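Novice: First the structure, then my questions, so here it is.
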Amino acid sequence: MNNTQKETADVPAPPKQFNFADFLLARNADHAHRPAFIDDTHTLTYGELATRVRSMATGLRSLGIRREERVLLLMHDCNDWPVSFLGALYAGMVPVAVNTLLTADDYAYMLEHSRAQAVLISGALLPTLTAAMTRSDHEVTKVIVSKPSAPLSPAEIELEAFLQAHPPMAKAAATQADDAGFWLYSSGSTGRPKGTVHSHANPYWSSMLYGQNTLELTPKDVCFSAAKLFFAYGLGNGLTFPMTVGACALLMSERPTPNATFKRMTGGVGGVKPTVFFGAPTGFAGMLADPNLPKPDQVTMRLVSSAGEALPAELGERFRQHFGVDIVDGIGSTEMLHIYLSNRPHAVRYGTTGWPVPGYEVELRGDDGQPVPDGEPGDLYTKGPSAALMYWGNREKSSETFQGVWTKSGDKYIRNPDGTYTYGGRSDDMLKVSGIYVSPFEVEATLIQHPAVLEAAVIGVIDRDGLTKTKAFVVRKDGTQVTEEELKAFVKDKLAPYKYPRQIAFVAELPKTATGKIQRFKLRAQEAQAT
């Protein structure tokens, strides 16, 4: 399914000639004085945003960067981020948004892999980029720096001066809806991250089908996302969704700790409280366990969204009990750009990931590639208009993931009688114990129901007979105590006996990606080394 079709779920397809940045600016041209973005220091109106985006486009063209060439975007969330991202799109270039928490070696790889002709970067990250450039064979001569923290070299350009020196571009590049628009790198939980190529039309589809039609965002909303803009989830939450409906977005440069999140939720930055909050289960657990958790009358949230990992029912129910607002859980991916299977704001089934988002189809398949019946686990495939074009320079992985009109998610799911879907873990994380599939997530979700458990991760370990057994790694809440035998008995009481973890290790923290996903492969590697 792609933009050449007439419509999807009552959403008209974009025209063949389509520039997504131009679409967003034109859509908001009539309310130039409305706030578009509020970062830690400044409020940027839609009118100011349009001028700065077009000046960025002119500036990038003046550096000799041509259409379809890549521009690395390595920047903390701030008002300069959407200006840089949309400015490159407007000029017909391809911004490559990358994680700000990586190493110099990671950036050296990304520079070479993307062949970026320029870098748009936060001043605080410049030393890491400099180290990356010394290790990379790909030469980058154009570095534009947002909020420099030290004097710049002659080869570096201060972003504000750069914008002021160039007039707004009068007309957007005449890109096609199916042209490469931008890249997002996968989280890299296994092996090198994959450069996922999205078209100009893809964010249009995800914004219309999910942000507008499913979440029902309005121009009156103030959106705040704990996930950063360089993630697919954060890009929709904090940029494409609010701009598509003319809403405002709060941007936070610091890490989304509970206290940093609470500060924004209660209006401590810009004097504006978000009406829509986008988070992830790990973050919600940390918030609910924090003694500074705001009271319901301190916030104005009408809608809360979750993705990144499946939401345990107990966690959603505790959040609702405290704030009086349900968490709308869904699943998306970098490959599909945003959420395609989700609960609804007015129809939440905790313990499930909800129903397919109108405009998308899902299918569960067995090991033989054939559909599985309801109640049996299967590999989740999805079909929809926001699927990525490819992994750049990786034909093998592209062929494995993008199978015609279907995209293989790598997740296991079960379809329930009411049409909802229940998460069963990653395809490579599912455990077969005594010949029966065991979902690590199901055991984890049960463990965290214990009042002493903050987080849990479950993996399979091989015993001396060569059989797979489950082992749980548990983080206890501060000031609590619980024994291994108590937790085993707790799980046995709630699940089929064969599902209880045969071993439990208490740890101070779990390894996670920058998005907060638990990295079970690191726990498996740790166990392999120990044996």
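Going by the structure tokens order, chains are called A, B, ..., each with residues numbered from 1, while ligands are numbered from 1 in the order shown.
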Please identify all polymer residues within 6 Å of A:Leu44, counting only C-alpha atoms, omitting same-chain residues fewer than 2 positions from it, and present them as a list of chain:residue names.

Specialist: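 Here the answer would be A:Pro35, A:Ala36, A:Phe37.
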
Novice: Report as a VMD selection string all protein, DNA and RNA residues lying within 9 Å of A:Met287, evaluated on only C-alpha atoms, omitting residues in the same chain fewer than 6 positions from it.

Specialist: chain A and resid 257 to 259 261 to 262 293

Novice: Could you tell me which of A:Glu335, A:Asp368, A:Glu158, A:Glu455 comes closest to A:Leu184 if we count only C-alpha atoms?

Specialist: A:Glu335

Novice: What does the distance between atom CA of A:Arg264 and atom CA of A:Glu160 come to in Å, to one decimal place?

Specialist: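 That distance, rounded to one decimal, is 25.8 Å.
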
Novice: So, with only C-alpha atoms as the atoms that count, which of A:Pro148, A:Met265, A:Asp106, A:Glu156 lies closest to A:Ala131?

Specialist: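 For A:Ala131, the nearest of the given residues is A:Asp106.
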
Novice: For the strand (DSSP E or B) assignment from backbone DSSP, which residues of stretch 134-278 of chain A qualify? Please present them as a list in words.

Specialist: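 Of stretch 134-278 of chain A, the ones in strand (DSSP E or B) are Val143, Ile144, Val145, Ser146, Glu156, Ile157, Glu158, Gln176, Ala180, Gly181, Phe182, Trp183, Leu184, Tyr185, Gly195, Thr196, Val197, His198, Ser199, Val222, Cys223, Phe224, Ser225, Cys248, Ala249, Leu250, Val276, Phe277 and Phe278 of chain A.
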
Novice: Any chance you could export the current selection's N, CA, C and O atoms as a compact mmCIF listing (two decimals), in the first residue's frame?

Specialist:
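File produced: selection_31.txt:
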# COMPACT_ATOMS: atom_id res chain seq x y z
N VAL A 143 29.80 21.83 9.28
CA VAL A 143 29.23 21.53 10.59
C VAL A 143 28.53 22.78 11.10
O VAL A 143 29.16 23.82 11.29
N ILE A 144 27.23 22.67 11.32
CA ILE A 144 26.42 23.80 11.79
C ILE A 144 26.01 23.52 13.23
O ILE A 144 25.40 22.49 13.51
N VAL A 145 26.34 24.44 14.13
CA VAL A 145 26.27 24.17 15.56
C VAL A 145 25.17 24.99 16.23
O VAL A 145 25.17 26.23 16.16
N SER A 146 24.27 24.29 16.91
CA SER A 146 23.23 24.94 17.69
C SER A 146 23.73 25.13 19.12
O SER A 146 24.22 24.20 19.75
N GLU A 156 33.47 25.46 11.45
CA GLU A 156 32.17 25.29 12.10
C GLU A 156 31.35 26.58 12.02
O GLU A 156 31.91 27.69 12.10
N ILE A 157 30.05 26.45 11.87
CA ILE A 157 29.16 27.59 11.67
C ILE A 157 28.13 27.63 12.79
O ILE A 157 27.50 26.61 13.10
N GLU A 158 27.94 28.78 13.38
CA GLU A 158 26.92 28.91 14.43
C GLU A 158 25.54 28.99 13.79
O GLU A 158 25.32 29.75 12.84
N GLN A 176 8.87 14.24 -4.74
CA GLN A 176 7.74 13.33 -4.96
C GLN A 176 7.35 12.67 -3.64
O GLN A 176 8.17 12.51 -2.74
N ALA A 180 12.77 9.56 -1.18
CA ALA A 180 13.36 9.44 0.15
C ALA A 180 13.29 10.80 0.84
O ALA A 180 13.74 11.80 0.30
N GLY A 181 12.69 10.83 2.03
CA GLY A 181 12.55 12.08 2.77
C GLY A 181 13.55 12.20 3.89
O GLY A 181 14.21 13.21 4.06
N PHE A 182 13.69 11.13 4.70
CA PHE A 182 14.58 11.17 5.85
C PHE A 182 14.93 9.75 6.26
O PHE A 182 14.26 8.79 5.85
N TRP A 183 15.98 9.63 7.07
CA TRP A 183 16.37 8.34 7.62
C TRP A 183 16.21 8.38 9.13
O TRP A 183 16.39 9.41 9.78
N LEU A 184 15.93 7.21 9.67
CA LEU A 184 16.01 6.97 11.11
C LEU A 184 16.79 5.67 11.30
O LEU A 184 16.50 4.67 10.63
N TYR A 185 17.76 5.69 12.19
CA TYR A 185 18.51 4.46 12.45
C TYR A 185 17.77 3.62 13.49
O TYR A 185 17.20 4.15 14.44
N GLY A 195 20.00 1.82 8.65
CA GLY A 195 19.49 3.10 8.17
C GLY A 195 18.14 2.89 7.49
O GLY A 195 18.06 2.41 6.36
N THR A 196 17.06 3.26 8.19
CA THR A 196 15.71 3.02 7.70
C THR A 196 15.24 4.24 6.92
O THR A 196 15.14 5.34 7.46
N VAL A 197 14.94 4.04 5.63
CA VAL A 197 14.64 5.14 4.72
C VAL A 197 13.13 5.33 4.61
O VAL A 197 12.40 4.42 4.19
N HIS A 198 12.68 6.54 4.99
CA HIS A 198 11.26 6.87 4.88
C HIS A 198 11.02 7.93 3.80
O HIS A 198 11.85 8.81 3.59
N SER A 199 9.86 7.85 3.19
CA SER A 199 9.50 8.77 2.12
C SER A 199 8.88 10.05 2.69
O SER A 199 8.55 10.13 3.88
N VAL A 222 -1.53 20.51 23.86
CA VAL A 222 -0.11 20.73 24.09
C VAL A 222 0.50 19.34 24.29
O VAL A 222 0.14 18.63 25.24
N CYS A 223 1.35 18.93 23.38
CA CYS A 223 1.92 17.58 23.38
C CYS A 223 3.29 17.57 24.03
O CYS A 223 4.11 18.45 23.78
N PHE A 224 3.54 16.55 24.83
CA PHE A 224 4.85 16.39 25.48
C PHE A 224 5.25 14.93 25.40
O PHE A 224 4.51 14.05 25.84
N SER A 225 6.40 14.67 24.83
CA SER A 225 6.87 13.30 24.63
C SER A 225 8.16 13.05 25.41
O SER A 225 9.13 13.80 25.27
N CYS A 248 0.57 22.53 19.81
CA CYS A 248 1.86 22.97 20.34
C CYS A 248 2.58 21.76 20.93
O CYS A 248 1.95 20.83 21.44
N ALA A 249 3.92 21.77 20.89
CA ALA A 249 4.71 20.69 21.47
C ALA A 249 5.75 21.26 22.43
O ALA A 249 6.41 22.26 22.13
N LEU A 250 5.88 20.62 23.58
CA LEU A 250 6.95 20.94 24.53
C LEU A 250 8.15 20.07 24.20
O LEU A 250 8.01 18.86 24.02
N VAL A 276 -1.49 16.25 26.46
CA VAL A 276 -1.22 14.91 25.93
C VAL A 276 0.20 14.54 26.30
O VAL A 276 1.14 15.29 26.02
N PHE A 277 0.37 13.38 26.93
CA PHE A 277 1.70 12.92 27.32
C PHE A 277 1.99 11.58 26.65
O PHE A 277 1.16 10.67 26.68
N PHE A 278 3.16 11.49 26.02
CA PHE A 278 3.59 10.27 25.35
C PHE A 278 4.76 9.67 26.14
O PHE A 278 5.80 10.32 26.30

Novice: My list of candidates is A:Lys220, A:Ala457, A:Lys194, A:Leu209. Which is closest to A:Val507 when distances are computed with only C-alpha atoms?

Specialist: A:Ala457

Novice: Could you give me, as JSON, numbers by chain, the residues within 6 Å of stretch 229-237 of chain A, counting only C-alpha atoms and dropping anything in the same chain fewer than 2 positions from it?

Specialist: {"A": [97, 98, 99, 225, 227, 239, 240, 241, 334, 337, 338]}

Novice: Print the selection's residues with all heavy atoms to a file, as an mmCIF file, in the first residue's frame.

Specialist:
data_model
loop_
_atom_site.group_PDB
_atom_site.id
_atom_site.type_symbol
_atom_site.label_atom_id
_atom_site.label_comp_id
_atom_site.auth_asym_id
_atom_site.auth_seq_id
_atom_site.Cartn_x
_atom_site.Cartn_y
_atom_site.Cartn_z
ATOM 1 N N ALA A 97 18.313 11.584 11.203
ATOM 2 C CA ALA A 97 18.191 11.886 12.631
ATOM 3 C C ALA A 97 18.800 10.752 13.440
ATOM 4 O O ALA A 97 18.415 9.591 13.279
ATOM 5 C CB ALA A 97 16.726 12.077 13.006
ATOM 6 N N VAL A 98 19.761 11.094 14.322
ATOM 7 C CA VAL A 98 20.474 10.040 15.053
ATOM 8 C C VAL A 98 20.410 10.275 16.558
ATOM 9 O O VAL A 98 20.265 11.397 17.052
ATOM 10 C CB VAL A 98 21.941 9.921 14.592
ATOM 11 C CG1 VAL A 98 22.004 9.528 13.126
ATOM 12 C CG2 VAL A 98 22.708 11.214 14.815
ATOM 13 N N ASN A 99 20.546 9.186 17.267
ATOM 14 C CA ASN A 99 20.509 9.135 18.724
ATOM 15 C C ASN A 99 21.631 9.982 19.323
ATOM 16 O O ASN A 99 22.795 9.846 18.938
ATOM 17 C CB ASN A 99 20.669 7.661 19.138
ATOM 18 C CG ASN A 99 20.407 7.407 20.587
ATOM 19 O OD1 ASN A 99 20.623 8.262 21.435
ATOM 20 N ND2 ASN A 99 19.965 6.195 20.893
ATOM 21 N N SER A 225 6.403 14.669 24.826
ATOM 22 C CA SER A 225 6.873 13.300 24.625
ATOM 23 C C SER A 225 8.156 13.051 25.406
ATOM 24 O O SER A 225 9.131 13.797 25.275
ATOM 25 C CB SER A 225 7.132 13.043 23.135
ATOM 26 O OG SER A 225 7.713 11.777 22.931
ATOM 27 N N ALA A 227 9.870 10.353 24.833
ATOM 28 C CA ALA A 227 10.734 9.851 23.765
ATOM 29 C C ALA A 227 11.228 11.019 22.929
ATOM 30 O O ALA A 227 10.465 11.916 22.569
ATOM 31 C CB ALA A 227 9.961 8.869 22.890
ATOM 32 N N LEU A 239 6.569 16.230 16.861
ATOM 33 C CA LEU A 239 6.722 17.098 15.689
ATOM 34 C C LEU A 239 5.606 16.881 14.666
ATOM 35 O O LEU A 239 4.776 17.767 14.459
ATOM 36 C CB LEU A 239 8.099 16.887 15.044
ATOM 37 C CG LEU A 239 8.567 17.963 14.064
ATOM 38 C CD1 LEU A 239 10.082 17.889 13.873
ATOM 39 C CD2 LEU A 239 7.895 17.897 12.714
ATOM 40 N N THR A 240 5.557 15.710 14.046
ATOM 41 C CA THR A 240 4.630 15.557 12.913
ATOM 42 C C THR A 240 3.171 15.546 13.363
ATOM 43 O O THR A 240 2.311 16.118 12.693
ATOM 44 C CB THR A 240 4.952 14.291 12.100
ATOM 45 O OG1 THR A 240 4.667 13.122 12.861
ATOM 46 C CG2 THR A 240 6.418 14.272 11.688
ATOM 47 N N PHE A 241 2.856 14.909 14.495
ATOM 48 C CA PHE A 241 1.472 14.871 14.954
ATOM 49 C C PHE A 241 0.957 16.254 15.347
ATOM 50 O O PHE A 241 -0.079 16.694 14.850
ATOM 51 C CB PHE A 241 1.320 13.910 16.136
ATOM 52 C CG PHE A 241 1.421 12.451 15.794
ATOM 53 C CD1 PHE A 241 1.765 12.025 14.521
ATOM 54 C CD2 PHE A 241 1.183 11.489 16.759
ATOM 55 C CE1 PHE A 241 1.864 10.678 14.208
ATOM 56 C CE2 PHE A 241 1.271 10.136 16.464
ATOM 57 C CZ PHE A 241 1.622 9.728 15.188
ATOM 58 N N THR A 334 10.289 1.509 13.994
ATOM 59 C CA THR A 334 11.021 2.407 13.104
ATOM 60 C C THR A 334 10.643 2.117 11.661
ATOM 61 O O THR A 334 10.511 3.029 10.841
ATOM 62 C CB THR A 334 12.537 2.225 13.297
ATOM 63 O OG1 THR A 334 12.868 2.467 14.671
ATOM 64 C CG2 THR A 334 13.322 3.182 12.412
ATOM 65 N N LEU A 337 7.258 3.553 11.049
ATOM 66 C CA LEU A 337 7.338 4.960 11.438
ATOM 67 C C LEU A 337 6.603 5.272 12.731
ATOM 68 O O LEU A 337 7.105 6.022 13.557
ATOM 69 C CB LEU A 337 6.849 5.894 10.316
ATOM 70 C CG LEU A 337 7.109 7.385 10.565
ATOM 71 C CD1 LEU A 337 8.595 7.653 10.789
ATOM 72 C CD2 LEU A 337 6.598 8.219 9.404
ATOM 73 N N HIS A 338 5.432 4.705 12.920
ATOM 74 C CA HIS A 338 4.735 4.953 14.177
ATOM 75 C C HIS A 338 3.793 3.786 14.453
ATOM 76 O O HIS A 338 3.989 2.684 13.939
ATOM 77 C CB HIS A 338 3.983 6.292 14.157
ATOM 78 C CG HIS A 338 3.938 6.972 15.497
ATOM 79 N ND1 HIS A 338 2.981 6.682 16.430
ATOM 80 C CD2 HIS A 338 4.752 7.900 16.065
ATOM 81 C CE1 HIS A 338 3.196 7.412 17.521
ATOM 82 N NE2 HIS A 338 4.272 8.155 17.329
#

Novice: Using only C-alpha atoms, which residues sit within 12 Å of A:Asp297 once same-chain residues fewer than 2 positions away are excluded, as a PyMOL selection string?

Specialist: chain A and resi 265-266+273+293-295+299-301+322-324

Novice: What gap, in Å, lies between atom CA of A:Gln526 and atom CA of A:Thr446?

Specialist: 23.7 Å

Novice: Neighbours of A:Asp178 within 8 Å (only C-alpha atoms; same-chain residues fewer than 6 positions away dropped), as number ranges by chain?

Specialist: A: 3, 16, 199-201
